[in-house]
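**Q** Dropping in coords_31.txt, with compact mmCIF, C-alpha atoms.
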```txt
# COMPACT_ATOMS: atom_id res chain seq x y z
CA MET A 1 65.45 97.77 24.81
CA ASN A 2 69.09 96.73 24.59
CA LYS A 3 68.23 94.19 21.89
CA ILE A 4 66.45 96.87 19.85
CA ARG A 5 69.39 99.25 20.25
CA ASP A 6 71.83 96.50 19.29
CA ALA A 7 69.79 95.68 16.17
CA ILE A 8 69.82 99.35 15.16
CA ASN A 9 73.56 99.62 15.73
CA ARG A 10 74.17 96.63 13.48
CA ILE A 11 72.02 97.93 10.65
CA ASP A 12 73.48 98.23 7.16
CA LEU A 13 73.35 102.01 6.99
CA ARG A 14 73.99 102.13 3.25
CA LYS A 15 70.97 99.99 2.38
CA PHE A 16 68.79 101.66 4.99
CA ARG A 17 69.67 105.11 3.70
CA PHE A 18 69.18 104.13 0.07
CA TRP A 19 65.60 102.98 0.63
CA ILE A 20 64.72 105.96 2.81
CA GLN A 21 66.10 108.34 0.20
CA LEU A 22 64.23 106.58 -2.58
CA PHE A 23 60.98 106.79 -0.61
CA PHE A 24 61.33 110.52 -0.02
CA PHE A 25 62.44 111.18 -3.59
CA VAL A 26 59.26 109.57 -4.93
CA LEU A 27 57.18 111.36 -2.30
CA PHE A 28 58.53 114.83 -3.05
CA VAL A 29 58.86 114.51 -6.84
CA TYR A 30 55.72 112.49 -7.64
CA GLY A 31 53.55 112.97 -4.53
CA ALA A 32 50.81 114.87 -6.38
CA TYR A 33 50.11 111.75 -8.45
CA PHE A 34 49.02 110.15 -5.16
CA SER A 35 47.13 113.28 -4.00
CA ILE A 36 49.78 114.00 -1.36
CA ASP A 37 50.41 117.61 -0.37
CA LEU A 38 52.52 118.21 2.73
CA GLY A 39 52.29 121.98 2.44
CA ARG A 40 54.57 124.85 1.48
CA GLU A 41 56.91 124.89 4.47
CA LEU A 42 59.16 121.87 3.98
CA PRO A 43 62.82 122.20 5.11
CA ILE A 44 64.17 120.71 1.85
CA PHE A 45 64.41 121.66 -1.82
CA SER A 46 61.14 120.13 -2.97
CA CYS A 47 60.47 122.68 -5.69
CA GLY A 48 57.07 124.25 -6.25
CA TYR A 49 57.89 124.68 -9.94
CA ASN A 50 57.40 120.92 -10.16
CA ARG A 51 53.61 120.58 -10.42
CA GLU A 52 53.70 116.97 -9.25
CA THR A 53 55.54 117.61 -5.99
CA GLY A 54 54.19 116.19 -2.74
CA GLY A 55 55.14 119.35 -0.84
CA THR A 56 56.98 122.59 -1.44
CA CYS A 57 60.24 124.10 -0.25
CA TYR A 58 59.72 126.77 2.40
CA PHE A 59 61.87 129.33 0.59
CA LEU A 60 59.34 129.80 -2.22
CA ALA A 61 56.58 130.82 0.18
CA LEU A 62 58.91 132.77 2.45
CA GLN A 63 60.23 135.02 -0.31
CA HIS A 64 56.73 135.88 -1.51
CA GLN A 65 55.55 136.58 2.03
CA LEU A 66 58.48 138.86 2.86
CA ALA A 67 58.14 140.78 -0.42
CA ARG A 68 54.90 142.45 0.68
CA PRO A 69 54.91 146.21 1.32
CA TRP A 70 56.07 146.79 4.87
CA ASP A 71 52.79 148.37 5.97
CA ARG A 72 51.09 145.08 5.07
CA LEU A 73 53.94 142.82 6.23
CA PHE A 74 53.81 144.26 9.74
CA SER A 75 50.02 144.19 9.94
CA THR A 76 47.73 141.18 10.32
CA ALA A 77 49.58 139.62 7.35
CA SER A 78 52.45 138.95 9.75
CA ILE A 79 50.32 136.21 11.28
CA GLY A 80 50.60 134.25 8.02
CA VAL A 81 54.37 134.77 7.95
CA LEU A 82 54.69 133.61 11.55
CA THR A 83 52.43 130.60 10.96
CA GLY A 84 54.49 129.56 7.95
CA PHE A 85 57.73 129.87 9.90
CA LEU A 86 56.39 127.87 12.84
CA THR A 87 55.23 125.13 10.45
CA PHE A 88 58.69 125.02 8.89
CA LEU A 89 60.23 124.85 12.35
CA ALA A 90 57.88 122.06 13.41
CA TRP A 91 58.95 119.98 10.41
CA PHE A 92 62.62 120.74 11.02
CA ILE A 93 62.96 120.09 14.74
CA ILE A 94 61.87 116.48 14.31
CA PHE A 95 64.79 115.33 12.15
CA ASN A 96 67.27 118.22 12.29
CA LYS A 97 69.66 118.21 9.32
CA ALA A 98 68.78 114.60 8.51
CA TRP A 99 66.34 116.28 6.10
CA CYS A 100 69.46 116.97 4.02
CA GLY A 101 70.95 113.50 4.25
CA TYR A 102 67.78 111.46 3.82
CA ALA A 103 64.88 113.48 2.39
CA CYS A 104 66.08 116.29 0.09
CA PRO A 105 65.61 115.34 -3.60
CA LEU A 106 68.64 117.38 -4.66
CA GLY A 107 70.76 115.70 -2.00
CA THR A 108 69.60 112.25 -3.08
CA LEU A 109 70.30 113.05 -6.73
CA GLN A 110 73.84 114.05 -5.83
CA ASP A 111 74.35 110.74 -4.02
CA TRP A 112 73.10 108.87 -7.09
CA ILE A 113 75.52 110.81 -9.28
CA THR A 114 78.31 109.83 -6.87
CA SER A 115 77.28 106.17 -7.14
CA PHE A 116 77.38 106.44 -10.93
CA ARG A 117 80.87 107.92 -10.76
CA LYS A 118 81.96 105.03 -8.51
CA MET A 119 80.62 102.54 -11.05
CA LEU A 120 82.88 104.16 -13.62
CA LYS A 121 85.75 103.97 -11.08
CA ILE A 122 86.48 107.66 -11.41
CA PRO A 123 88.02 109.20 -8.25
CA TYR A 124 86.26 112.14 -6.64
CA GLY A 125 87.77 115.53 -5.90
CA THR A 126 88.28 117.22 -2.55
CA TYR A 127 88.80 120.77 -1.33
CA SER A 128 91.85 122.03 0.50
CA GLN A 129 91.03 123.35 3.96
CA SER A 130 91.59 126.93 2.78
CA GLN A 131 89.16 126.40 -0.12
CA TYR A 132 86.72 124.71 2.24
CA LYS A 133 86.68 127.65 4.65
CA VAL A 134 85.94 130.10 1.82
CA LEU A 135 83.35 128.04 -0.06
CA LYS A 136 81.33 127.13 3.04
CA LYS A 137 80.48 130.83 3.50
CA ILE A 138 78.63 131.05 0.17
CA LYS A 139 75.53 129.39 1.62
CA TYR A 140 75.08 132.38 3.92
CA ILE A 141 75.24 134.77 0.96
CA PHE A 142 72.40 132.84 -0.67
CA LEU A 143 70.47 132.87 2.61
CA PHE A 144 70.90 136.66 2.66
CA ILE A 145 69.36 136.77 -0.83
CA VAL A 146 66.45 134.59 0.33
CA ILE A 147 65.57 136.78 3.32
CA VAL A 148 66.84 140.32 2.69
CA PHE A 149 66.12 140.79 -1.02
CA PRO A 150 62.34 140.32 -0.59
CA LEU A 151 62.38 142.83 2.26
CA LEU A 152 64.17 145.35 0.03
CA LEU A 153 61.53 144.74 -2.62
CA GLY A 154 58.83 145.45 -0.04
CA ILE A 155 60.19 148.95 0.60
CA GLY A 156 60.72 149.66 -3.10
CA LEU A 157 64.52 149.38 -3.28
CA LEU A 158 64.27 146.45 -5.73
CA ASP A 159 61.79 145.94 -8.56
CA GLY A 160 59.29 143.11 -8.82
CA GLU A 161 61.58 140.94 -10.93
CA TRP A 162 63.57 140.19 -7.76
CA ARG A 163 60.54 138.52 -6.17
CA GLY A 164 61.57 134.94 -5.53
CA ALA A 165 65.09 135.77 -6.79
CA PHE A 166 66.75 132.74 -5.23
CA CYS A 167 64.17 130.34 -6.69
CA LYS A 168 65.01 131.62 -10.17
CA MET A 169 68.69 130.98 -9.43
CA CYS A 170 68.20 127.60 -7.72
CA PRO A 171 69.03 124.37 -9.61
CA GLY A 172 65.95 122.76 -8.05
CA ARG A 173 63.67 124.89 -10.24
CA LEU A 174 65.12 123.29 -13.36
CA ILE A 175 65.99 119.81 -12.11
CA THR A 176 62.99 118.48 -10.17
CA PRO A 177 60.39 119.23 -12.90
CA LEU A 178 62.54 117.18 -15.31
CA PHE A 179 61.56 114.00 -13.48
CA SER A 180 57.91 114.60 -14.34
CA GLY A 181 58.72 115.44 -17.96
CA ASP A 182 58.56 119.23 -17.64
CA VAL A 183 61.39 121.08 -19.44
CA SER A 184 59.67 124.48 -19.48
CA GLN A 185 62.07 125.95 -16.92
CA TRP A 186 65.08 125.36 -19.15
CA THR A 187 64.78 128.75 -20.83
CA ILE A 188 66.09 132.28 -20.43
CA ASP A 189 63.50 134.96 -19.69
CA PHE A 190 64.30 137.92 -21.96
CA SER A 191 61.51 140.17 -20.62
CA THR A 192 63.88 142.37 -18.56
CA ASN A 193 67.59 142.63 -17.82
CA THR A 194 66.97 141.34 -14.29
CA ALA A 195 65.03 138.35 -15.60
CA ILE A 196 67.82 137.62 -18.09
CA PHE A 197 70.41 137.70 -15.31
CA LEU A 198 68.47 135.52 -12.86
CA THR A 199 67.39 132.84 -15.34
CA THR A 200 70.83 132.74 -16.99
CA PHE A 201 72.42 132.34 -13.57
CA GLY A 202 69.95 129.53 -12.85
CA LEU A 203 70.90 127.69 -16.04
CA GLY A 204 74.60 128.08 -15.34
CA PHE A 205 74.22 127.02 -11.71
CA THR A 206 72.28 123.93 -12.80
CA VAL A 207 74.99 122.89 -15.24
CA LEU A 208 77.54 123.48 -12.48
CA PHE A 209 75.38 121.34 -10.17
CA PHE A 210 75.68 118.30 -12.45
CA VAL A 211 79.36 118.78 -13.27
CA GLY A 212 80.33 119.58 -9.69
CA SER A 213 78.29 116.70 -8.23
CA PHE A 214 80.09 114.27 -10.53
CA ILE A 215 83.48 115.53 -9.37
CA LYS A 216 82.80 116.28 -5.69
CA LYS A 217 80.53 114.47 -3.24
CA ARG A 218 77.51 116.60 -2.25
CA PHE A 219 78.89 119.54 -4.24
CA PHE A 220 75.76 121.71 -4.04
CA CYS A 221 75.31 121.20 -0.30
CA PHE A 222 78.31 123.44 0.39
CA PHE A 223 76.35 126.33 -1.15
CA CYS A 224 72.86 125.43 0.08
CA PRO A 225 71.08 128.24 2.00
CA MET A 226 68.61 125.72 3.41
CA SER A 227 71.55 124.05 5.16
CA ALA A 228 72.50 127.42 6.63
CA MET A 229 68.91 127.97 7.76
CA HIS A 230 68.91 124.53 9.38
CA TYR A 231 72.05 125.25 11.36
CA ILE A 232 70.61 128.42 12.85
CA PHE A 233 67.85 126.39 14.51
CA SER A 234 69.67 123.07 14.95
CA ASP A 235 70.00 123.47 18.73
CA TRP A 236 66.20 123.30 18.96
CA ALA A 237 65.97 119.98 17.13
CA LEU A 238 65.13 116.69 18.81
CA LEU A 239 67.74 114.72 16.89
CA LYS A 240 71.34 115.38 17.97
CA LEU A 241 74.79 114.26 16.85
CA ARG A 242 76.98 113.86 19.92
CA LYS A 243 80.61 113.01 20.57
CA ASP A 244 82.48 111.74 23.63
CA GLY A 245 85.95 113.16 23.08
CA GLU A 246 87.50 111.03 25.83
CA LYS A 247 86.74 107.90 23.80
CA CYS A 248 88.02 109.33 20.53
CA THR A 249 91.44 108.15 19.32
CA LYS A 250 91.55 110.57 16.35
CA CYS A 251 91.89 107.64 13.97
CA GLY A 252 90.22 109.73 11.27
CA ASP A 253 87.77 107.07 10.05
CA CYS A 254 84.83 109.43 10.57
CA TYR A 255 86.50 112.19 8.55
CA ASN A 256 87.43 109.77 5.77
CA VAL A 257 83.79 108.84 5.17
CA CYS A 258 82.41 112.38 5.59
CA ASP A 259 81.05 113.63 2.27
CA MET A 260 81.28 117.20 3.54
CA GLN A 261 84.94 117.10 4.68
CA ILE A 262 84.14 118.22 8.23
CA LYS A 263 87.44 117.93 10.12
CA ASP A 264 85.88 118.74 13.48
CA ILE A 265 84.20 115.36 13.48
CA ALA A 266 87.66 113.83 13.97
CA ASP A 267 89.73 116.64 15.51
CA ASP A 268 87.36 118.22 18.02
CA VAL A 269 87.50 116.25 21.26
CA THR A 270 85.96 118.92 23.49
CA SER A 271 82.55 119.65 21.92
CA LYS A 272 79.69 117.39 22.95
CA ASN A 273 77.49 118.65 20.12
CA ILE A 274 79.52 117.83 17.01
CA LEU A 275 76.95 118.96 14.44
CA ARG A 276 78.33 121.61 12.07
CA ASP A 277 76.68 123.84 9.49
CA ASP A 278 77.82 121.68 6.56
CA CYS A 279 76.70 118.42 8.18
CA ILE A 280 73.94 116.55 6.32
CA PHE A 281 73.34 114.14 9.24
CA CYS A 282 73.90 111.07 7.07
CA MET A 283 75.34 109.24 10.14
CA LYS A 284 78.14 107.67 8.10
CA CYS A 285 80.61 108.95 10.68
CA VAL A 286 78.82 107.02 13.44
CA ALA A 287 78.74 103.87 11.34
CA ALA A 288 82.46 104.12 10.55
CA CYS A 289 83.65 104.85 14.09
CA PRO A 290 85.32 101.79 15.74
CA GLU A 291 85.29 103.21 19.27
CA GLU A 292 82.58 102.21 21.69
CA ASP A 293 80.05 105.06 22.07
CA ALA A 294 82.46 107.76 20.85
CA LEU A 295 79.86 109.05 18.38
CA HIS A 296 76.13 108.69 18.81
CA VAL A 297 72.78 110.00 17.60
CA ASP A 298 70.34 111.01 20.33
CA ILE A 299 66.65 111.77 20.47
CA LEU A 300 65.66 113.65 23.64
CA ASN A 301 69.00 112.59 25.17
CA MET A 302 68.25 108.92 24.48
CA LYS A 303 70.88 107.19 22.33
CA VAL A 304 69.31 105.54 19.30
CA PHE A 305 72.35 104.90 17.10
CA THR A 306 75.86 104.70 18.47
CA SER A 307 79.34 103.69 17.40
CA THR A 308 80.24 100.23 18.72
CA LYS A 309 83.07 97.82 18.16
CA GLY A 310 80.56 95.10 17.38
CA GLY A 311 78.57 97.33 15.09
CA PHE A 312 81.70 98.49 13.33
CA ALA A 313 82.79 94.88 12.76
CA LYS A 314 79.37 94.06 11.30
CA ARG A 315 79.22 97.15 9.09
CA MET A 316 82.78 96.68 7.81
CA GLU A 317 82.19 92.93 7.36
CA ILE A 318 85.10 92.10 9.69
CA ASP A 319 83.22 89.10 11.10
CA SER A 320 82.80 87.50 7.68
CA PHE A 321 86.45 88.24 6.86
CA LYS A 322 87.61 86.48 10.02
CA LYS A 323 85.35 83.49 9.24
CA GLU A 324 86.80 83.17 5.75
CA GLU A 325 90.30 83.41 7.21
CA SER A 326 89.47 80.67 9.75
CA ASP A 327 87.98 78.40 7.04
CA GLU A 328 91.13 78.75 4.98
CA LYS A 329 93.21 77.56 7.95
```
Can the structure from this file be put into structure tokens for me?
**A**
Amino acid sequence: MNKIRDAINRIDLRKFRFWIQLFFFVLFVYGAYFSIDLGRELPIFSCGYNRETGGTCYFLALQHQLARPWDRLFSTASIGVLTGFLTFLAWFIIFNKAWCGYACPLGTLQDWITSFRKMLKIPYGTYSQSQYKVLKKIKYIFLFIVIVFPLLLGIGLLDGEWRGAFCKMCPGRLITPLFSGDVSQWTIDFSTNTAIFLTTFGLGFTVLFFVGSFIKKRFFCFFCPMSAMHYIFSDWALLKLRKDGEKCTKCGDCYNVCDMQIKDIADDVTSKNILRDDCIFCMKCVAACPEEDALHVDILNMKVFTSTKGGFAKRMEIDSFKKEESDEK
């Protein structure tokens, strides 16, 4: 068991993550070509507007379910709503927010845009802490739109054009179909004023997605309502991100590699559960930590990936550097 754990701790996380992300990207963008359908309750932005998807984002189904008239919603139809939610929860509790860091097509695309920017040697932007605190709240506004707007439609306070409002605003509706050659979503619906607003917002948000993702790592994830939904139920998940504050030296290496600028990962030495609402569970912080067992990923309280001095040396290629230095002498 120790040998297995040691092998995992010495893994090249960058290569491992790249291949996992590529696998899921193909699965969720082209899965229908292989007759794969994982359902309509996935905890990622695998958009149903892409006809070739291997499974659909839960928000599309959820908004349509909640938009029913309340006399129907709170009748036997509620069984379907509850079943859909429990299916979503079953998917989520297995991997927690690692769905964001490893499986979400929009997240993967942002990482590829970041890699392209690095190839061009263009530095990325960061937020000040005051900007960070304000922007991180936007995801909850979008989550409010996902859940409350359909309910308002169900009691007649909003018209039918607001059905699936967030999906019409979401960049995923325009982006993921592009990879299967479908550009039909790149239009403005002029049928009503509401449709004009929602589809225009969607176009603008998509342009902002590409521009922002080139400038800032994981730009869209700061505004992602699915991330907010994840965090609400993250305590139920099997996969945990833990920290032993007594072993932390506040060197800041974990914060320096964090794409989401989460300062608690370095500064908080009291919390055992270090997962935050913006975390994408990429595990880069664990890989970068040089302190033995200060950060670790657990499944059912069993450590499966932990920070180690030996692992850090391997991941940062310190061993090969020392060998080269010795050969030169």
**Q** May I ask which of the residues A:Phe144, A:Tyr33, A:Phe222, A:Phe23 is the closest one to Phe209 (chain A), counting all atoms listed in the file?
**A**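 Closest to Phe209 (chain A) of all the choices is A:Phe222.
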**Q** Just the number, please: distance in Å from CA of Tyr140 (chain A) to CA of Phe166 (chain A), one decimal.
**A** 12.4 Å
**Q** Find the residues around Asp111 (chain A) up to 9 Å (only C-alpha atoms counted), leave out those fewer than 5 positions away in its own chain, and share them as a ChimeraX atom specification.
**A** /A:106,116,213,217-218
**Q** I'd like the contact shell of Cys100 (chain A) - 7 Å cut-off, all atoms listed in the file, skipping same-chain residues fewer than 5 positions apart - returned as a list in words.
**A** Ile44, Gly107 and Ile280 of chain A
**Q** How would you write as a PyMOL selection string the residues that get within 12 Å of (55.5, 133.9, 1.1) in the file's frame, counting all atoms listed in the file?
**A** chain A and resi 40-41+56-68+73+77-85+146-147+150-151+163-164
**Q** What does the distance from CA of Gly160 (chain A) to CA of Pro69 (chain A) come to in Å, to one decimal?
**A**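 CA of Pro69 (chain A) lies at a distance of 11.5 Å from CA of Gly160 (chain A).
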**Q** Please measure the separation of CA of Tyr49 (chain A) and CA of Leu178 (chain A), giving the value in Å to one decimal.
**A**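 Separation of CA of Tyr49 (chain A) and CA of Leu178 (chain A): 10.3 Å.
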**Q** May I have the residues at most 7 Å from (59.2, 122.5, 7.5) in the file's coordinates, counting all atoms listed in the file, as a PyMOL selection string?
**A** chain A and resi 41-43+58+87-92
